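K.L.:
One file is attached below, target_15.pdb, containing PDB, C-alpha atoms and all ligand atoms.
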```pdb
ATOM      1  CA  MET A   1     -22.495   0.105   3.916
ATOM      2  CA  GLY A   2     -20.501   3.149   4.838
ATOM      3  CA  SER A   3     -17.392   3.937   2.881
ATOM      4  CA  LEU A   4     -14.018   3.537   4.590
ATOM      5  CA  LEU A   5     -12.176   6.233   2.687
ATOM      6  CA  GLU A   6     -13.521   9.166   0.799
ATOM      7  CA  THR A   7     -11.653  12.011  -0.837
ATOM      8  CA  LYS A   8     -13.642  15.028  -1.854
ATOM      9  CA  SER A   9     -12.299  17.332  -4.527
ATOM     10  CA  LEU A  10      -8.808  16.596  -3.210
ATOM     11  CA  THR A  11      -6.255  18.910  -4.808
ATOM     12  CA  LYS A  12      -2.524  19.514  -4.427
ATOM     13  CA  LYS A  13      -0.572  22.178  -6.256
ATOM     14  CA  PHE A  14       3.199  22.519  -6.294
ATOM     15  CA  GLY A  15       3.673  26.091  -7.536
ATOM     16  CA  GLY A  16       2.094  26.166 -10.979
ATOM     17  CA  LEU A  17       1.773  22.371 -11.212
ATOM     18  CA  THR A  18      -1.472  20.701 -10.159
ATOM     19  CA  ALA A  19      -0.251  17.247  -9.097
ATOM     20  CA  VAL A  20      -3.636  16.079  -7.776
ATOM     21  CA  ASP A  21      -6.674  17.703  -9.314
ATOM     22  CA  HIS A  22     -10.106  17.567  -7.640
ATOM     23  CA  VAL A  23      -9.966  13.828  -6.976
ATOM     24  CA  ASN A  24     -13.159  12.213  -5.684
ATOM     25  CA  LEU A  25     -12.392   8.673  -4.609
ATOM     26  CA  THR A  26     -14.645   6.420  -2.544
ATOM     27  CA  LEU A  27     -13.432   3.105  -1.144
ATOM     28  CA  GLU A  28     -15.943   0.721   0.402
ATOM     29  CA  LYS A  29     -14.964  -1.407   3.398
ATOM     30  CA  GLY A  30     -13.226  -4.582   2.215
ATOM     31  CA  GLU A  31     -12.609  -3.267  -1.278
ATOM     32  CA  LEU A  32      -9.426  -3.943  -3.261
ATOM     33  CA  ARG A  33      -8.815  -1.013  -5.583
ATOM     34  CA  CYS A  34      -6.028  -0.223  -8.001
ATOM     35  CA  ILE A  35      -4.946   3.255  -8.919
ATOM     36  CA  LEU A  36      -3.451   3.036 -12.369
ATOM     37  CA  GLY A  37      -1.658   5.807 -14.187
ATOM     38  CA  PRO A  38       1.551   6.734 -15.986
ATOM     39  CA  ASN A  39       4.586   8.079 -14.149
ATOM     40  CA  GLY A  40       4.148  11.580 -12.794
ATOM     41  CA  CYS A  41       0.337  11.524 -12.885
ATOM     42  CA  GLY A  42       0.025  12.167  -9.141
ATOM     43  CA  LYS A  43      -0.366   8.674  -7.631
ATOM     44  CA  SER A  44       2.220   9.011  -4.858
ATOM     45  CA  THR A  45       1.081  12.559  -4.142
ATOM     46  CA  LEU A  46      -2.453  11.220  -3.651
ATOM     47  CA  PHE A  47      -1.079   8.779  -1.033
ATOM     48  CA  ASN A  48       0.865  11.602   0.595
ATOM     49  CA  LEU A  49      -2.362  13.575   0.907
ATOM     50  CA  ILE A  50      -4.306  10.624   2.360
ATOM     51  CA  THR A  51      -1.579   9.831   4.907
ATOM     52  CA  GLY A  52      -0.985  13.430   6.000
ATOM     53  CA  VAL A  53       2.502  13.829   4.528
ATOM     54  CA  TYR A  54       1.165  16.747   2.479
ATOM     55  CA  THR A  55      -1.604  19.156   3.373
ATOM     56  CA  PRO A  56      -3.986  19.522   0.433
ATOM     57  CA  THR A  57      -4.297  22.814  -1.373
ATOM     58  CA  ALA A  58      -8.049  22.175  -1.414
ATOM     59  CA  GLY A  59     -10.481  19.379  -0.683
ATOM     60  CA  HIS A  60     -10.916  16.823   2.085
ATOM     61  CA  VAL A  61     -10.093  13.299   3.161
ATOM     62  CA  PHE A  62     -12.588  11.314   5.244
ATOM     63  CA  PHE A  63     -11.744   8.044   6.992
ATOM     64  CA  GLU A  64     -14.688   6.150   8.430
ATOM     65  CA  GLY A  65     -16.701   9.347   8.078
ATOM     66  CA  GLU A  66     -14.219  11.436  10.052
ATOM     67  CA  ASP A  67     -12.531  14.397   8.426
ATOM     68  CA  ILE A  68      -8.789  13.622   8.708
ATOM     69  CA  THR A  69      -7.615  16.402   6.377
ATOM     70  CA  GLY A  70      -4.425  17.976   7.693
ATOM     71  CA  LYS A  71      -3.995  15.570  10.622
ATOM     72  CA  PRO A  72      -0.371  14.595  11.338
ATOM     73  CA  VAL A  73       1.095  11.428   9.796
ATOM     74  CA  HIS A  74       1.415   9.503  13.087
ATOM     75  CA  ILE A  75      -2.190  10.196  14.079
ATOM     76  CA  ILE A  76      -3.473   9.007  10.705
ATOM     77  CA  GLY A  77      -1.267   5.916  11.029
ATOM     78  CA  ARG A  78      -2.677   5.179  14.456
ATOM     79  CA  MET A  79      -6.224   5.581  13.154
ATOM     80  CA  GLY A  80      -5.622   2.542  10.961
ATOM     81  CA  ILE A  81      -4.102   3.641   7.668
ATOM     82  CA  GLY A  82      -0.936   1.630   6.937
ATOM     83  CA  ARG A  83       1.362   2.415   4.082
ATOM     84  CA  LYS A  84       4.068   0.683   2.128
ATOM     85  CA  PHE A  85       6.410   3.029   0.334
ATOM     86  CA  GLN A  86       8.050   2.525  -3.065
ATOM     87  CA  VAL A  87      11.405   2.008  -1.350
ATOM     88  CA  PRO A  88      11.200  -0.650   1.382
ATOM     89  CA  GLY A  89      11.667   0.676   4.911
ATOM     90  CA  ILE A  90      13.038  -2.495   6.426
ATOM     91  CA  PHE A  91      15.863  -2.863   8.942
ATOM     92  CA  ASP A  92      18.719  -4.496   7.029
ATOM     93  CA  GLN A  93      20.654  -5.779  10.028
ATOM     94  CA  LEU A  94      17.683  -7.249  11.893
ATOM     95  CA  THR A  95      16.479 -10.728  11.081
ATOM     96  CA  VAL A  96      13.330 -11.170   9.042
ATOM     97  CA  PHE A  97      11.556 -12.287  12.227
ATOM     98  CA  ASP A  98      12.661  -9.222  14.197
ATOM     99  CA  ASN A  99      11.640  -6.887  11.385
ATOM    100  CA  ILE A 100       8.086  -8.138  11.830
ATOM    101  CA  ARG A 101       8.433  -7.814  15.623
ATOM    102  CA  VAL A 102       9.306  -4.117  15.394
ATOM    103  CA  PRO A 103       5.779  -2.824  14.715
ATOM    104  CA  PHE A 104       4.334  -4.780  17.666
ATOM    105  CA  PHE A 105       6.658  -3.150  20.156
ATOM    106  CA  ARG A 106       6.710   0.235  18.528
ATOM    107  CA  ASP A 107       2.944   0.455  18.863
ATOM    108  CA  GLN A 108       3.152  -0.383  22.540
ATOM    109  CA  ARG A 109       5.971   2.146  23.024
ATOM    110  CA  ARG A 110       8.185  -0.681  24.249
ATOM    111  CA  SER A 111      11.681  -1.356  23.093
ATOM    112  CA  LEU A 112      12.289  -4.312  20.865
ATOM    113  CA  PHE A 113      15.617  -4.996  22.496
ATOM    114  CA  PHE A 114      14.438  -5.284  26.087
ATOM    115  CA  GLN A 115      11.873  -7.953  25.481
ATOM    116  CA  PRO A 116      12.224 -11.595  26.426
ATOM    117  CA  ARG A 117      12.853 -13.591  23.272
ATOM    118  CA  ARG A 118       9.547 -15.383  23.276
ATOM    119  CA  GLU A 119       6.110 -13.972  23.829
ATOM    120  CA  SER A 120       3.898 -16.670  22.482
ATOM    121  CA  GLY A 121       0.875 -14.610  21.392
ATOM    122  CA  ILE A 122       2.999 -12.199  19.433
ATOM    123  CA  ASP A 123       5.390 -14.857  18.128
ATOM    124  CA  ASP A 124       2.474 -16.919  16.807
ATOM    125  CA  ARG A 125       1.113 -13.906  15.001
ATOM    126  CA  ILE A 126       4.575 -13.166  13.562
ATOM    127  CA  MET A 127       4.927 -16.738  12.302
ATOM    128  CA  ALA A 128       1.471 -16.567  10.717
ATOM    129  CA  LEU A 129       2.498 -13.358   8.968
ATOM    130  CA  LEU A 130       5.781 -14.907   7.801
ATOM    131  CA  GLU A 131       3.826 -17.802   6.380
ATOM    132  CA  LYS A 132       1.553 -15.443   4.501
ATOM    133  CA  ILE A 133       4.492 -13.603   2.943
ATOM    134  CA  SER A 134       6.360 -16.893   2.258
ATOM    135  CA  LEU A 135       9.369 -16.048   4.434
ATOM    136  CA  VAL A 136       9.143 -18.691   7.189
ATOM    137  CA  ASP A 137      12.298 -20.374   5.911
ATOM    138  CA  LYS A 138      14.200 -17.103   6.129
ATOM    139  CA  ALA A 139      12.950 -16.024   9.564
ATOM    140  CA  ASN A 140      16.443 -15.992  11.086
ATOM    141  CA  LEU A 141      18.234 -14.400   8.155
ATOM    142  CA  PRO A 142      19.284 -10.733   8.369
ATOM    143  CA  ALA A 143      16.939  -8.855   6.035
ATOM    144  CA  VAL A 144      19.871  -7.485   4.036
ATOM    145  CA  HIS A 145      20.292 -10.940   2.465
ATOM    146  CA  LEU A 146      16.772 -11.095   1.041
ATOM    147  CA  ALA A 147      16.089 -10.833  -2.668
ATOM    148  CA  HIS A 148      14.453  -7.621  -3.870
ATOM    149  CA  GLY A 149      10.977  -9.155  -4.063
ATOM    150  CA  GLU A 150      11.301 -10.716  -0.613
ATOM    151  CA  LYS A 151      12.169  -7.324   0.888
ATOM    152  CA  GLN A 152       8.964  -5.923  -0.556
ATOM    153  CA  TRP A 153       6.955  -8.794   0.951
ATOM    154  CA  LEU A 154       8.659  -8.288   4.286
ATOM    155  CA  GLU A 155       7.558  -4.696   4.333
ATOM    156  CA  ILE A 156       4.013  -5.717   3.464
ATOM    157  CA  GLY A 157       4.260  -8.052   6.495
ATOM    158  CA  MET A 158       5.422  -5.140   8.671
ATOM    159  CA  VAL A 159       2.458  -3.065   7.560
ATOM    160  CA  LEU A 160       0.095  -6.003   8.230
ATOM    161  CA  ALA A 161       1.568  -6.497  11.709
ATOM    162  CA  ARG A 162      -0.023  -3.203  12.693
ATOM    163  CA  ARG A 163      -3.434  -4.525  11.657
ATOM    164  CA  PRO A 164      -4.406  -1.522   9.564
ATOM    165  CA  ARG A 165      -7.975  -1.139   8.373
ATOM    166  CA  LEU A 166      -6.734   0.428   5.157
ATOM    167  CA  MET A 167      -3.466  -0.586   3.530
ATOM    168  CA  LEU A 168      -1.874   1.640   0.884
ATOM    169  CA  LEU A 169       0.696   0.020  -1.396
ATOM    170  CA  ASP A 170       2.755   2.259  -3.651
ATOM    171  CA  GLU A 171       4.028   0.284  -6.663
ATOM    172  CA  PRO A 172       4.643  -2.906  -4.686
ATOM    173  CA  THR A 173       6.027  -4.697  -7.768
ATOM    174  CA  ALA A 174       8.539  -2.056  -8.858
ATOM    175  CA  GLY A 175      11.732  -3.768 -10.038
ATOM    176  CA  MET A 176      10.333  -7.275  -9.539
ATOM    177  CA  THR A 177      10.777 -10.230 -11.839
ATOM    178  CA  VAL A 178       7.724 -11.624 -13.617
ATOM    179  CA  THR A 179       7.500 -14.479 -11.108
ATOM    180  CA  GLU A 180       7.796 -12.126  -8.133
ATOM    181  CA  THR A 181       5.153  -9.866  -9.646
ATOM    182  CA  ARG A 182       2.719 -12.797 -10.000
ATOM    183  CA  LYS A 183       3.357 -13.861  -6.447
ATOM    184  CA  THR A 184       2.782 -10.329  -5.213
ATOM    185  CA  ALA A 185      -0.560 -10.146  -7.006
ATOM    186  CA  GLN A 186      -1.512 -13.434  -5.337
ATOM    187  CA  LEU A 187      -0.371 -12.147  -1.943
ATOM    188  CA  ILE A 188      -2.440  -8.990  -2.287
ATOM    189  CA  ARG A 189      -5.508 -11.007  -3.294
ATOM    190  CA  ASP A 190      -4.978 -13.307  -0.281
ATOM    191  CA  ILE A 191      -4.631 -10.415   2.139
ATOM    192  CA  SER A 192      -7.733  -8.823   0.720
ATOM    193  CA  SER A 193      -9.866 -11.940   1.073
ATOM    194  CA  GLU A 194      -8.412 -13.454   4.270
ATOM    195  CA  GLU A 195      -7.436 -10.471   6.385
ATOM    196  CA  LYS A 196     -10.489  -8.404   5.466
ATOM    197  CA  ILE A 197      -8.329  -5.351   4.985
ATOM    198  CA  THR A 198      -9.313  -2.659   2.537
ATOM    199  CA  ILE A 199      -6.465  -2.189   0.076
ATOM    200  CA  LEU A 200      -5.542   0.616  -2.262
ATOM    201  CA  VAL A 201      -2.700  -0.298  -4.647
ATOM    202  CA  ILE A 202      -0.832   2.093  -6.885
ATOM    203  CA  GLU A 203       0.486   0.583 -10.067
ATOM    204  CA  HIS A 204       1.667   1.829 -13.415
ATOM    205  CA  ASP A 205       1.725  -1.615 -15.025
ATOM    206  CA  ILE A 206      -1.617  -2.612 -16.508
ATOM    207  CA  GLY A 207      -0.503  -6.271 -16.648
ATOM    208  CA  PHE A 208      -0.250  -6.420 -12.854
ATOM    209  CA  VAL A 209      -3.648  -4.815 -12.507
ATOM    210  CA  ARG A 210      -5.095  -7.590 -14.654
ATOM    211  CA  GLU A 211      -3.673 -10.179 -12.234
ATOM    212  CA  ILE A 212      -5.332  -8.461  -9.300
ATOM    213  CA  ALA A 213      -8.663  -8.241 -11.130
ATOM    214  CA  SER A 214     -10.077  -5.522  -8.952
ATOM    215  CA  ARG A 215     -11.853  -2.272  -9.591
ATOM    216  CA  ILE A 216      -9.538   0.253 -11.206
ATOM    217  CA  THR A 217      -9.306   4.013 -11.036
ATOM    218  CA  VAL A 218      -7.215   5.508 -13.814
ATOM    219  CA  LEU A 219      -5.465   8.721 -12.863
ATOM    220  CA  TYR A 220      -4.164  11.010 -15.573
ATOM    221  CA  LYS A 221      -2.533  14.405 -15.052
ATOM    222  CA  GLY A 222      -3.702  14.403 -11.454
ATOM    223  CA  ALA A 223      -7.382  13.825 -12.211
ATOM    224  CA  VAL A 224      -9.599  10.737 -12.251
ATOM    225  CA  PHE A 225      -9.731   9.762 -15.912
ATOM    226  CA  LYS A 226     -11.834   6.603 -15.746
ATOM    227  CA  GLU A 227     -13.093   4.050 -13.256
ATOM    228  CA  GLY A 228     -14.188   0.483 -13.912
ATOM    229  CA  SER A 229     -13.253  -3.187 -14.156
ATOM    230  CA  TYR A 230     -10.104  -4.371 -15.929
ATOM    231  CA  GLU A 231     -12.209  -5.169 -18.997
ATOM    232  CA  ASP A 232     -13.736  -1.664 -18.993
ATOM    233  CA  ILE A 233     -10.310  -0.062 -18.702
ATOM    234  CA  GLN A 234      -8.531  -2.328 -21.139
ATOM    235  CA  SER A 235     -11.122  -1.835 -23.881
ATOM    236  CA  ASP A 236     -11.261   1.939 -23.519
ATOM    237  CA  GLU A 237      -9.629   3.699 -26.483
ATOM    238  CA  SER A 238      -8.692   6.830 -24.556
ATOM    239  CA  VAL A 239      -7.013   4.789 -21.801
ATOM    240  CA  ARG A 240      -5.096   2.879 -24.457
ATOM    241  CA  ARG A 241      -3.862   6.161 -25.840
ATOM    242  CA  ILE A 242      -2.439   7.151 -22.429
ATOM    243  CA  TYR A 243      -0.741   3.785 -22.328
ATOM    244  CA  LEU A 244       0.511   3.801 -25.897
ATOM    245  CA  GLY A 245       3.493   1.528 -26.126
ATOM    246  CA  ARG A 246       2.485  -0.561 -23.144
ATOM    247  CA  SER A 247       1.040  -4.001 -23.548
ATOM    248  CA  GLY A 248      -2.418  -4.565 -22.152
TER     249      GLY A 248
HETATM  250  N1  LIG B 301       7.305  17.624  -3.245
HETATM  251  C1  LIG B 301       7.110  17.963  -4.520
HETATM  252  N2  LIG B 301       7.445  19.192  -4.981
HETATM  253  C2  LIG B 301       7.241  19.551  -6.272
HETATM  254  N3  LIG B 301       6.693  18.737  -7.187
HETATM  255  C3  LIG B 301       6.334  17.508  -6.796
HETATM  256  C4  LIG B 301       6.523  17.041  -5.461
HETATM  257  N4  LIG B 301       6.063  15.772  -5.373
HETATM  258  C5  LIG B 301       5.625  15.448  -6.588
HETATM  259  N5  LIG B 301       5.782  16.483  -7.448
HETATM  260  C6  LIG B 301       5.380  16.503  -8.865
HETATM  261  O1  LIG B 301       4.006  16.139  -8.913
HETATM  262  C7  LIG B 301       3.739  15.310 -10.037
HETATM  263  C8  LIG B 301       3.165  13.999  -9.557
HETATM  264  O2  LIG B 301       4.170  13.265  -8.890
HETATM  265  P1  LIG B 301       3.904  11.860  -8.223
HETATM  266  O3  LIG B 301       2.698  11.959  -7.369
HETATM  267  O4  LIG B 301       5.152  11.423  -7.568
HETATM  268  O5  LIG B 301       3.581  10.956  -9.508
HETATM  269  P2  LIG B 301       3.480   9.367  -9.652
HETATM  270  O6  LIG B 301       3.568   8.764  -8.285
HETATM  271  O7  LIG B 301       2.165   9.145 -10.329
HETATM  272  O8  LIG B 301       4.605   8.954 -10.534
HETATM  273  C9  LIG B 301       5.059  15.156 -10.781
HETATM  274  O9  LIG B 301       5.102  16.108 -11.815
HETATM  275  C10 LIG B 301       6.091  15.466  -9.717
HETATM  276  O10 LIG B 301       7.264  15.986 -10.275
HETATM  277 MG    MG B 302       4.948   7.367  -7.493
END
```
Could you render the structure as structure tokens?
Ligand SMILES: Nc1ncnc2c1ncn2[C@@H]1O[C@H](COP(=O)(O)OP(=O)(O)O)[C@@H](O)[C@H]1O
Ligand SMILES: [Mg+2]
P.N.:
Amino acid sequence: MGSLLETKSLTKKFGGLTAVDHVNLTLEKGELRCILGPNGCGKSTLFNLITGVYTPTAGHVFFEGEDITGKPVHIIGRMGIGRKFQVPGIFDQLTVFDNIRVPFFRDQRRSLFFQPRRESGIDDRIMALLEKISLVDKANLPAVHLAHGEKQWLEIGMVLARRPRLMLLDEPTAGMTVTETRKTAQLIRDISSEEKITILVIEHDIGFVREIASRITVLYKGAVFKEGSYEDIQSDESVRRIYLGRSG
């Protein structure tokens, strides 16, 4: 089995600060992986390096064996890496349904607003996505009226609509209630098993990571600190020390 994503000695410096420090990360096809680490340890910067937002100071990123280091963001997106940001990038005034429609037409370089209302193939796919993210009942509601958690799910739906091979989620549960967080963990597990998409999730909350029950890479001060199962991570004294004050 070839790996889908591989970073080799990936490094990013901002002046004197090394935000990402010689990170070697290998993701197998179909894997669900969590990147866990305290605030400021370089998680979002790692995503910015993978998606081409930042050019690394040193090191490489390979996607399906191809060196994508330094390629522009839109090319990397088109190659099949989809990303959800910490702040949802949804269109407030469009309905939930139309938010999911946007990626379909954007990818075909067609305008959303000059399409006939119904195109059955696409509409069926949109409804299936809405079902997955539990927003069927709110399909015709302008997205601005959604609860915080629902907005996050909508954006996950928008990323899924593009059928990425790798989906990157940056703190998808930030600001969510306990119930929303649980539901998000369930959603991510479902997507992983049903859609056969490789997923890399950033999280700083070890409780959420337990719900996902996937392989975990702990990042600390920009470097890979430990890798293993939830049990491995949770029972590790040095990881506990990083997370002092947080419940496991
Ligand atoms: N564009 C930037 N310019 C300068 N410093 C940055 C920039 N982006 C991130 N950093 C710094 O890099 C470190 C890692 O940040 P970040 O990757 O956002 O951490 P995390 O997502 O783990 O909270 C932090 O110290 C942050 O201040
Ligand atoms: Mg971050």
K.L.:
Give the residues close to ligand LIG 301 (chain B), within 9 Å, counting all atoms listed in the file; write them as a PyMOL selection string.
P.N.:
chain A and resi 12-15+17-20+36-48+54+170-171+202-204+219-222
K.L.:
Rounded to one decimal, what separation in Å do you get between CA of Leu146 (chain A) and CA of Val53 (chain A)?
P.N.:
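Between CA of Leu146 (chain A) and CA of Val53 (chain A) the gap is 28.9 Å.
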K.L.:
Between CA of Asn24 (chain A) and CA of Ile216 (chain A), what is the distance, to one decimal in Å?
P.N.:
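Value for the CA of Asn24 (chain A)-CA of Ile216 (chain A) distance: 13.7 Å.
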K.L.:
Mind pulling up the distance from CA of Gln93 (chain A) to CA of Trp153 (chain A)?
P.N.:
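CA of Trp153 (chain A) sits 16.7 Å away from CA of Gln93 (chain A).
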K.L.:
Have a look at A:Thr177, A:Ser9, A:Thr57, A:Asn99 and name the one nearest to Ala161 (chain A); count only C-alpha atoms.
P.N.:
A:Asn99
K.L.:
Smallest atom-to-atom distance to Leu10 (chain A): which of A:His60, A:Lys29, A:Arg101, A:Lys226, using all atoms listed in the file?
P.N.:
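For Leu10 (chain A), the nearest of the candidates is A:His60.
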K.L.:
Would you kindly return, as a PyMOL selection string, each protein, DNA or RNA residue with an atom no farther than 10 Å from any atom of Ala213 (chain A), considering all atoms listed in the file and excluding same-chain residues fewer than 2 positions away?
P.N.:
chain A and resi 32-34+185+189+208-211+215-216+229-231
K.L.:
Would you pick out the contacts of region 65-82 of chain A at 10 Å or less, using all atoms listed in the file, so that residues sharing its chain but fewer than 5 positions from it are not included, and give the list as number ranges by chain?
P.N.:
A: 2-7, 10, 48-56, 58-60, 107, 156, 158-169, 198-199
K.L.:
Let me make sure I understand: among A:Ile133, A:Ile122, A:Ala174, A:Lys138, which one has the smallest atom-to-atom distance to ligand MG 302 (chain B) if we use all atoms listed in the file?
P.N.:
A:Ala174
K.L.:
With only C-alpha atoms and all ligand atoms as the atoms that count, which of A:Ile212, A:Leu27, A:Val201, A:Val102 lies nearest to ligand MG 302 (chain B)?
P.N.:
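Of A:Ile212, A:Leu27, A:Val201, A:Val102, the one nearest ligand MG 302 (chain B) is A:Val201, counting only C-alpha atoms and all ligand atoms.
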K.L.:
Starting from the shown file, work through the PyMOL selection byres (((chain A and resi 135) around 9) and not hetatm) and note down what comes out as a list of chain:residue names.
P.N.:
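Expected selection for the PyMOL selection byres (((chain A and resi 135) around 9) and not hetatm) here is A:Val96, A:Phe97, A:Leu129, A:Leu130, A:Glu131, A:Lys132, A:Ile133, A:Ser134, A:Val136, A:Asp137, A:Lys138, A:Ala139, A:Glu150, A:Trp153, A:Leu154.
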K.L.:
Quick one: write out the picked residues with C-alpha atoms as an mmCIF file, in the coordinates of the input?
P.N.:
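Below you can see out.cif, which holds the result:
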```cif
data_model
loop_
_atom_site.group_PDB
_atom_site.id
_atom_site.type_symbol
_atom_site.label_atom_id
_atom_site.label_comp_id
_atom_site.auth_asym_id
_atom_site.auth_seq_id
_atom_site.Cartn_x
_atom_site.Cartn_y
_atom_site.Cartn_z
ATOM 1 C CA VAL A 96 13.330 -11.170 9.042
ATOM 2 C CA PHE A 97 11.556 -12.287 12.227
ATOM 3 C CA LEU A 129 2.498 -13.358 8.968
ATOM 4 C CA LEU A 130 5.781 -14.907 7.801
ATOM 5 C CA GLU A 131 3.826 -17.802 6.380
ATOM 6 C CA LYS A 132 1.553 -15.443 4.501
ATOM 7 C CA ILE A 133 4.492 -13.603 2.943
ATOM 8 C CA SER A 134 6.360 -16.893 2.258
ATOM 9 C CA VAL A 136 9.143 -18.691 7.189
ATOM 10 C CA ASP A 137 12.298 -20.374 5.911
ATOM 11 C CA LYS A 138 14.200 -17.103 6.129
ATOM 12 C CA ALA A 139 12.950 -16.024 9.564
ATOM 13 C CA GLU A 150 11.301 -10.716 -0.613
ATOM 14 C CA TRP A 153 6.955 -8.794 0.951
ATOM 15 C CA LEU A 154 8.659 -8.288 4.286
#
```
